[in-house]
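Next comes coords_16.cif, a file with mmCIF, N, CA, C and O atoms.
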```cif
data_my_file
loop_
_atom_site.group_PDB
_atom_site.id
_atom_site.type_symbol
_atom_site.label_atom_id
_atom_site.label_comp_id
_atom_site.auth_asym_id
_atom_site.auth_seq_id
_atom_site.Cartn_x
_atom_site.Cartn_y
_atom_site.Cartn_z
ATOM 1 N N MET P 30 5.219 -13.708 4.345
ATOM 2 C CA MET P 30 3.784 -13.683 4.351
ATOM 3 C C MET P 30 3.220 -12.397 4.952
ATOM 4 O O MET P 30 2.096 -12.060 4.674
ATOM 5 N N HIS P 31 4.003 -11.704 5.781
ATOM 6 C CA HIS P 31 3.491 -10.505 6.434
ATOM 7 C C HIS P 31 3.069 -9.452 5.410
ATOM 8 O O HIS P 31 1.982 -8.897 5.498
ATOM 9 N N ASN P 32 3.903 -9.155 4.434
ATOM 10 C CA ASN P 32 3.572 -8.135 3.459
ATOM 11 C C ASN P 32 2.482 -8.596 2.498
ATOM 12 O O ASN P 32 1.703 -7.789 1.997
ATOM 13 N N LEU P 33 2.415 -9.895 2.219
ATOM 14 C CA LEU P 33 1.345 -10.414 1.375
ATOM 15 C C LEU P 33 -0.001 -10.244 2.070
ATOM 16 O O LEU P 33 -1.008 -9.937 1.433
ATOM 17 N N TYR P 34 -0.031 -10.405 3.365
ATOM 18 C CA TYR P 34 -1.261 -10.190 4.131
ATOM 19 C C TYR P 34 -1.758 -8.762 3.956
ATOM 20 O O TYR P 34 -2.954 -8.531 3.753
ATOM 21 N N SER P 35 -0.870 -7.795 4.037
ATOM 22 C CA SER P 35 -1.292 -6.399 3.894
ATOM 23 C C SER P 35 -1.783 -6.105 2.478
ATOM 24 O O SER P 35 -2.694 -5.297 2.297
ATOM 25 N N LEU P 36 -1.209 -6.753 1.479
ATOM 26 C CA LEU P 36 -1.684 -6.591 0.103
ATOM 27 C C LEU P 36 -3.121 -7.091 -0.024
ATOM 28 O O LEU P 36 -3.987 -6.408 -0.574
ATOM 29 N N LEU P 37 -3.379 -8.282 0.493
ATOM 30 C CA LEU P 37 -4.722 -8.845 0.404
ATOM 31 C C LEU P 37 -5.719 -8.047 1.237
ATOM 32 O O LEU P 37 -6.880 -7.877 0.852
ATOM 33 N N ARG P 38 -5.274 -7.522 2.355
ATOM 34 C CA ARG P 38 -6.156 -6.705 3.191
ATOM 35 C C ARG P 38 -6.506 -5.387 2.486
ATOM 36 O O ARG P 38 -7.649 -4.929 2.539
ATOM 37 N N ALA P 39 -5.544 -4.766 1.835
ATOM 38 C CA ALA P 39 -5.807 -3.529 1.088
ATOM 39 C C ALA P 39 -6.779 -3.794 -0.059
ATOM 40 O O ALA P 39 -7.679 -2.999 -0.317
ATOM 41 N N HIS P 40 -6.596 -4.914 -0.743
ATOM 42 C CA HIS P 40 -7.493 -5.279 -1.844
ATOM 43 C C HIS P 40 -8.916 -5.491 -1.328
ATOM 44 O O HIS P 40 -9.888 -4.994 -1.917
ATOM 45 N N ALA P 41 -9.061 -6.218 -0.241
ATOM 46 C CA ALA P 41 -10.377 -6.469 0.333
ATOM 47 C C ALA P 41 -11.020 -5.174 0.831
ATOM 48 O O ALA P 41 -12.232 -4.972 0.672
ATOM 49 N N SER P 42 -10.228 -4.277 1.405
ATOM 50 C CA SER P 42 -10.754 -2.999 1.887
ATOM 51 C C SER P 42 -11.282 -2.160 0.740
ATOM 52 O O SER P 42 -12.360 -1.572 0.822
ATOM 53 N N ARG P 43 -10.537 -2.124 -0.346
ATOM 54 C CA ARG P 43 -10.977 -1.346 -1.511
ATOM 55 C C ARG P 43 -12.260 -1.917 -2.104
ATOM 56 O O ARG P 43 -13.187 -1.175 -2.438
ATOM 57 N N LYS P 44 -12.319 -3.243 -2.245
ATOM 58 C CA LYS P 44 -13.522 -3.866 -2.785
ATOM 59 C C LYS P 44 -14.730 -3.620 -1.880
ATOM 60 O O LYS P 44 -15.833 -3.349 -2.357
ATOM 61 N N GLY P 45 -14.524 -3.700 -0.570
ATOM 62 C CA GLY P 45 -15.605 -3.445 0.374
ATOM 63 C C GLY P 45 -16.109 -2.017 0.304
ATOM 64 O O GLY P 45 -17.319 -1.772 0.331
ATOM 65 N N LEU P 46 -15.202 -1.058 0.200
ATOM 66 C CA LEU P 46 -15.608 0.345 0.090
ATOM 67 C C LEU P 46 -16.324 0.618 -1.228
ATOM 68 O O LEU P 46 -17.253 1.413 -1.271
ATOM 69 N N GLN P 47 -15.902 -0.039 -2.292
ATOM 70 C CA GLN P 47 -16.579 0.131 -3.579
ATOM 71 C C GLN P 47 -17.998 -0.424 -3.519
ATOM 72 O O GLN P 47 -18.919 0.153 -4.101
ATOM 73 N N GLN P 48 -18.182 -1.544 -2.835
ATOM 74 C CA GLN P 48 -19.524 -2.117 -2.711
ATOM 75 C C GLN P 48 -20.410 -1.262 -1.802
ATOM 76 O O GLN P 48 -21.619 -1.168 -2.019
ATOM 77 N N LEU P 49 -19.814 -0.629 -0.812
ATOM 78 C CA LEU P 49 -20.564 0.215 0.111
ATOM 79 C C LEU P 49 -21.124 1.450 -0.595
ATOM 80 O O LEU P 49 -22.276 1.807 -0.407
ATOM 81 N N ASP P 50 -20.306 2.091 -1.413
ATOM 82 C CA ASP P 50 -20.730 3.293 -2.150
ATOM 83 C C ASP P 50 -20.023 3.309 -3.490
ATOM 84 O O ASP P 50 -18.889 3.776 -3.598
ATOM 85 N N SER P 51 -20.691 2.828 -4.514
ATOM 86 C CA SER P 51 -20.059 2.706 -5.832
ATOM 87 C C SER P 51 -19.927 4.047 -6.554
ATOM 88 O O SER P 51 -19.254 4.133 -7.576
ATOM 89 N N ASP P 52 -20.551 5.117 -6.037
ATOM 90 C CA ASP P 52 -20.453 6.433 -6.675
ATOM 91 C C ASP P 52 -19.168 7.165 -6.304
ATOM 92 O O ASP P 52 -18.789 8.112 -6.977
ATOM 93 N N GLN P 53 -18.516 6.734 -5.254
ATOM 94 C CA GLN P 53 -17.308 7.411 -4.789
ATOM 95 C C GLN P 53 -16.082 6.550 -5.029
ATOM 96 O O GLN P 53 -16.151 5.328 -4.963
ATOM 97 N N CYS P 54 -14.963 7.207 -5.271
ATOM 98 C CA CYS P 54 -13.689 6.495 -5.423
ATOM 99 C C CYS P 54 -13.127 6.211 -4.026
ATOM 100 O O CYS P 54 -12.917 7.133 -3.237
ATOM 101 N N PRO P 55 -12.905 4.938 -3.672
ATOM 102 C CA PRO P 55 -12.424 4.621 -2.324
ATOM 103 C C PRO P 55 -10.978 5.064 -2.111
ATOM 104 O O PRO P 55 -10.177 5.078 -3.047
ATOM 105 N N PHE P 56 -10.667 5.436 -0.876
ATOM 106 C CA PHE P 56 -9.307 5.816 -0.512
ATOM 107 C C PHE P 56 -8.835 4.911 0.614
ATOM 108 O O PHE P 56 -9.392 4.931 1.713
ATOM 109 N N VAL P 57 -7.824 4.096 0.337
ATOM 110 C CA VAL P 57 -7.254 3.181 1.330
ATOM 111 C C VAL P 57 -5.796 3.578 1.518
ATOM 112 O O VAL P 57 -5.056 3.710 0.547
ATOM 113 N N LEU P 58 -5.392 3.777 2.753
ATOM 114 C CA LEU P 58 -4.025 4.175 3.086
ATOM 115 C C LEU P 58 -3.386 3.074 3.917
ATOM 116 O O LEU P 58 -3.977 2.597 4.883
ATOM 117 N N THR P 59 -2.173 2.661 3.550
ATOM 118 C CA THR P 59 -1.495 1.589 4.265
ATOM 119 C C THR P 59 -0.056 1.984 4.566
ATOM 120 O O THR P 59 0.517 2.835 3.893
ATOM 121 N N ARG P 60 0.513 1.355 5.584
ATOM 122 C CA ARG P 60 1.913 1.599 5.943
ATOM 123 C C ARG P 60 2.836 0.493 5.456
ATOM 124 O O ARG P 60 4.040 0.666 5.409
ATOM 125 N N SER P 61 2.295 -0.662 5.156
ATOM 126 C CA SER P 61 3.134 -1.765 4.697
ATOM 127 C C SER P 61 2.547 -2.318 3.415
ATOM 128 O O SER P 61 1.385 -2.084 3.106
ATOM 129 N N GLY P 62 3.354 -3.040 2.680
ATOM 130 C CA GLY P 62 2.814 -3.552 1.431
ATOM 131 C C GLY P 62 3.703 -4.543 0.728
ATOM 132 O O GLY P 62 4.773 -4.907 1.216
ATOM 133 N N PHE P 63 3.244 -4.953 -0.392
ATOM 134 C CA PHE P 63 3.898 -5.927 -1.244
ATOM 135 C C PHE P 63 3.920 -5.322 -2.641
ATOM 136 O O PHE P 63 3.327 -4.282 -2.881
ATOM 137 N N ALA P 64 4.601 -5.947 -3.561
ATOM 138 C CA ALA P 64 4.659 -5.429 -4.926
ATOM 139 C C ALA P 64 3.253 -5.214 -5.476
ATOM 140 O O ALA P 64 2.369 -6.035 -5.276
ATOM 141 N N ARG P 65 3.055 -4.095 -6.128
ATOM 142 C CA ARG P 65 1.787 -3.719 -6.766
ATOM 143 C C ARG P 65 0.680 -3.339 -5.781
ATOM 144 O O ARG P 65 -0.476 -3.329 -6.148
ATOM 145 N N ILE P 66 1.029 -3.009 -4.543
ATOM 146 C CA ILE P 66 -0.015 -2.618 -3.593
ATOM 147 C C ILE P 66 -0.655 -1.294 -3.983
ATOM 148 O O ILE P 66 -1.805 -1.032 -3.668
ATOM 149 N N ARG P 67 0.068 -0.470 -4.707
ATOM 150 C CA ARG P 67 -0.493 0.826 -5.097
ATOM 151 C C ARG P 67 -1.632 0.697 -6.094
ATOM 152 O O ARG P 67 -2.275 1.669 -6.432
ATOM 153 N N ARG P 68 -1.872 -0.495 -6.554
ATOM 154 C CA ARG P 68 -3.036 -0.744 -7.397
ATOM 155 C C ARG P 68 -4.312 -0.561 -6.576
ATOM 156 O O ARG P 68 -5.346 -0.178 -7.103
ATOM 157 N N TRP P 69 -4.249 -0.851 -5.274
ATOM 158 C CA TRP P 69 -5.437 -0.814 -4.420
ATOM 159 C C TRP P 69 -5.339 0.163 -3.267
ATOM 160 O O TRP P 69 -6.345 0.452 -2.627
ATOM 161 N N ALA P 70 -4.156 0.651 -2.940
ATOM 162 C CA ALA P 70 -4.020 1.518 -1.765
ATOM 163 C C ALA P 70 -2.870 2.498 -1.949
ATOM 164 O O ALA P 70 -1.926 2.239 -2.691
ATOM 165 N N ALA P 71 -2.971 3.601 -1.249
ATOM 166 C CA ALA P 71 -1.871 4.561 -1.186
ATOM 167 C C ALA P 71 -0.922 4.107 -0.077
ATOM 168 O O ALA P 71 -1.342 3.569 0.936
ATOM 169 N N VAL P 72 0.369 4.321 -0.279
ATOM 170 C CA VAL P 72 1.364 3.890 0.708
ATOM 171 C C VAL P 72 1.895 5.112 1.432
ATOM 172 O O VAL P 72 2.359 6.066 0.814
ATOM 173 N N TRP P 73 1.820 5.076 2.752
ATOM 174 C CA TRP P 73 2.325 6.157 3.578
ATOM 175 C C TRP P 73 3.703 5.781 4.081
ATOM 176 O O TRP P 73 3.885 4.767 4.752
ATOM 177 N N THR P 74 4.688 6.597 3.763
ATOM 178 C CA THR P 74 6.065 6.330 4.187
ATOM 179 C C THR P 74 6.515 7.339 5.242
ATOM 180 O O THR P 74 7.700 7.575 5.408
ATOM 181 N N GLY P 75 5.586 7.918 5.977
ATOM 182 C CA GLY P 75 5.882 8.970 6.938
ATOM 183 C C GLY P 75 6.703 8.537 8.131
ATOM 184 O O GLY P 75 7.264 9.377 8.818
ATOM 185 N N ASP P 76 6.777 7.248 8.430
ATOM 186 C CA ASP P 76 7.534 6.794 9.587
ATOM 187 C C ASP P 76 9.019 6.600 9.303
ATOM 188 O O ASP P 76 9.780 6.311 10.202
ATOM 189 N N ASN P 77 9.417 6.708 8.069
ATOM 190 C CA ASN P 77 10.825 6.502 7.721
ATOM 191 C C ASN P 77 11.659 7.687 8.187
ATOM 192 O O ASN P 77 11.259 8.835 8.052
ATOM 193 N N GLN P 78 12.817 7.384 8.722
ATOM 194 C CA GLN P 78 13.730 8.428 9.167
ATOM 195 C C GLN P 78 14.910 8.483 8.218
ATOM 196 O O GLN P 78 15.427 7.452 7.799
ATOM 197 N N ALA P 79 15.344 9.682 7.896
ATOM 198 C CA ALA P 79 16.487 9.856 7.008
ATOM 199 C C ALA P 79 17.751 10.031 7.843
ATOM 200 O O ALA P 79 17.810 10.846 8.743
ATOM 201 N N GLY P 80 18.733 9.234 7.531
ATOM 202 C CA GLY P 80 20.032 9.350 8.175
ATOM 203 C C GLY P 80 21.104 9.075 7.137
ATOM 204 O O GLY P 80 20.817 8.793 5.976
ATOM 205 N N SER P 81 22.341 9.132 7.517
ATOM 206 C CA SER P 81 23.410 8.935 6.536
ATOM 207 C C SER P 81 23.401 7.516 5.966
ATOM 208 O O SER P 81 23.659 7.312 4.790
ATOM 209 N N LEU P 82 23.064 6.521 6.771
ATOM 210 C CA LEU P 82 23.024 5.147 6.290
ATOM 211 C C LEU P 82 21.779 4.878 5.450
ATOM 212 O O LEU P 82 21.865 4.299 4.372
ATOM 213 N N SER P 83 20.630 5.331 5.909
ATOM 214 C CA SER P 83 19.391 5.041 5.186
ATOM 215 C C SER P 83 19.247 5.839 3.898
ATOM 216 O O SER P 83 18.590 5.403 2.965
ATOM 217 N N SER P 84 19.830 7.021 3.822
ATOM 218 C CA SER P 84 19.680 7.817 2.610
ATOM 219 C C SER P 84 20.618 7.367 1.487
ATOM 220 O O SER P 84 20.413 7.731 0.335
ATOM 221 N N SER P 85 21.612 6.559 1.794
ATOM 222 C CA SER P 85 22.524 6.097 0.751
ATOM 223 C C SER P 85 21.982 4.872 0.017
ATOM 224 O O SER P 85 22.423 4.566 -1.072
ATOM 225 N N ALA P 86 21.024 4.165 0.606
ATOM 226 C CA ALA P 86 20.428 2.984 -0.027
ATOM 227 C C ALA P 86 19.030 3.331 -0.524
ATOM 228 O O ALA P 86 18.350 4.159 0.076
ATOM 229 N N PRO P 87 18.597 2.711 -1.621
ATOM 230 C CA PRO P 87 17.242 3.005 -2.112
ATOM 231 C C PRO P 87 16.182 2.497 -1.141
ATOM 232 O O PRO P 87 16.361 1.478 -0.482
ATOM 233 N N ASN P 88 15.103 3.221 -1.043
ATOM 234 C CA ASN P 88 14.009 2.865 -0.149
ATOM 235 C C ASN P 88 13.135 1.814 -0.828
ATOM 236 O O ASN P 88 12.557 2.078 -1.873
ATOM 237 N N PRO P 89 12.996 0.611 -0.280
ATOM 238 C CA PRO P 89 12.200 -0.433 -0.929
ATOM 239 C C PRO P 89 10.728 -0.081 -1.068
ATOM 240 O O PRO P 89 10.085 -0.538 -2.002
ATOM 241 N N LEU P 90 10.200 0.760 -0.186
ATOM 242 C CA LEU P 90 8.800 1.148 -0.314
ATOM 243 C C LEU P 90 8.551 1.969 -1.573
ATOM 244 O O LEU P 90 7.501 1.895 -2.182
ATOM 245 N N LEU P 91 9.537 2.765 -1.967
ATOM 246 C CA LEU P 91 9.379 3.589 -3.160
ATOM 247 C C LEU P 91 9.590 2.799 -4.442
ATOM 248 O O LEU P 91 9.212 3.236 -5.510
ATOM 249 N N LEU P 92 10.193 1.631 -4.331
ATOM 250 C CA LEU P 92 10.471 0.811 -5.512
ATOM 251 C C LEU P 92 9.423 -0.271 -5.758
ATOM 252 O O LEU P 92 9.577 -1.083 -6.653
ATOM 253 N N LEU P 93 8.347 -0.290 -4.976
ATOM 254 C CA LEU P 93 7.339 -1.348 -5.106
ATOM 255 C C LEU P 93 6.717 -1.399 -6.495
ATOM 256 O O LEU P 93 6.473 -2.458 -7.035
ATOM 257 N N ASP P 94 6.442 -0.254 -7.076
ATOM 258 C CA ASP P 94 5.769 -0.212 -8.373
ATOM 259 C C ASP P 94 6.699 0.182 -9.502
ATOM 260 O O ASP P 94 6.294 0.783 -10.485
ATOM 261 N N SER P 95 7.953 -0.151 -9.398
ATOM 262 C CA SER P 95 8.904 0.261 -10.420
ATOM 263 C C SER P 95 8.823 -0.569 -11.682
ATOM 264 O O SER P 95 9.440 -0.255 -12.681
ATOM 265 N N ASN P 96 8.065 -1.673 -11.656
ATOM 266 C CA ASN P 96 7.934 -2.516 -12.857
ATOM 267 C C ASN P 96 6.970 -1.947 -13.837
ATOM 268 O O ASN P 96 5.983 -1.483 -13.650
#
```
Starting from the coordinates I provided, produce the structure as structure tokens.
Amino acid sequence: MHNLYSLLRAHASRKGLQQLDSDQCPFVLTRSGFARIRRWAAVWTGDNQAGSLSSSAPNPLLLLDSN
């Protein structure tokens, strides 16, 4: 449920920003997410650290919108 919460929060944030100023394209940035979160928000993966173990496995954050 944790990642689903962030998806719904990103969706609500985008809708709220669109209602606030419909002439501008809203920008929502998130650190966590669920599948298809990039529909409503940009995902920041800046906290990830690269090491020998983590670089050998695919990053799940980058695979969210692979469908």
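Here CA of Trp69 in chain P and CA of Leu46 in chain P stand 11.2 Å from one another.
Between atom C of Ser51 in chain P and atom N of Leu36 in chain P the interatomic distance comes to 23.1 Å.
The space separating atom O of Thr59 in chain P from atom N of Gly75 in chain P comes to 7.5 Å.
Applied to this file, the PyMOL selection byres ((chain P and resi 32-34) around 8) selects the residues Met30, His31, Ser35, Leu36, Leu37, Arg38, Ala39, His40, Ala41, Ser61, Gly62, Phe63, Ala64 and Ile66 of chain P.
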Tell me, as a PyMOL selection string, which residues lie within 4.5 Å of Val57 in chain P, counting all atoms listed in the file; anything in the same chain fewer than 2 positions away does not count. chain P and resi 55+59+70-71
Let me see the file: selected residues, N, CA, C and O atoms, as an mmCIF file, in the frame of the given file.
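What landed in out_19.cif:
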```cif
data_model
loop_
_atom_site.group_PDB
_atom_site.id
_atom_site.type_symbol
_atom_site.label_atom_id
_atom_site.label_comp_id
_atom_site.auth_asym_id
_atom_site.auth_seq_id
_atom_site.Cartn_x
_atom_site.Cartn_y
_atom_site.Cartn_z
ATOM 1 N N PRO P 55 -12.905 4.938 -3.672
ATOM 2 C CA PRO P 55 -12.424 4.621 -2.324
ATOM 3 C C PRO P 55 -10.978 5.064 -2.111
ATOM 4 O O PRO P 55 -10.177 5.078 -3.047
ATOM 5 N N THR P 59 -2.173 2.661 3.550
ATOM 6 C CA THR P 59 -1.495 1.589 4.265
ATOM 7 C C THR P 59 -0.056 1.984 4.566
ATOM 8 O O THR P 59 0.517 2.835 3.893
ATOM 9 N N ALA P 70 -4.156 0.651 -2.940
ATOM 10 C CA ALA P 70 -4.020 1.518 -1.765
ATOM 11 C C ALA P 70 -2.870 2.498 -1.949
ATOM 12 O O ALA P 70 -1.926 2.239 -2.691
ATOM 13 N N ALA P 71 -2.971 3.601 -1.249
ATOM 14 C CA ALA P 71 -1.871 4.561 -1.186
ATOM 15 C C ALA P 71 -0.922 4.107 -0.077
ATOM 16 O O ALA P 71 -1.342 3.569 0.936
#
```
Filtered DSSP result for range 38-82 of chain P, state strand (DSSP E), as a PyMOL selection string: chain P and resi 58-59+71-72
Exercise: Arg60 in chain P partners within 8 Å, only C-alpha atoms, chain neighbours under 3 positions left out, as a VMD selection string: chain P and resid 72 to 74
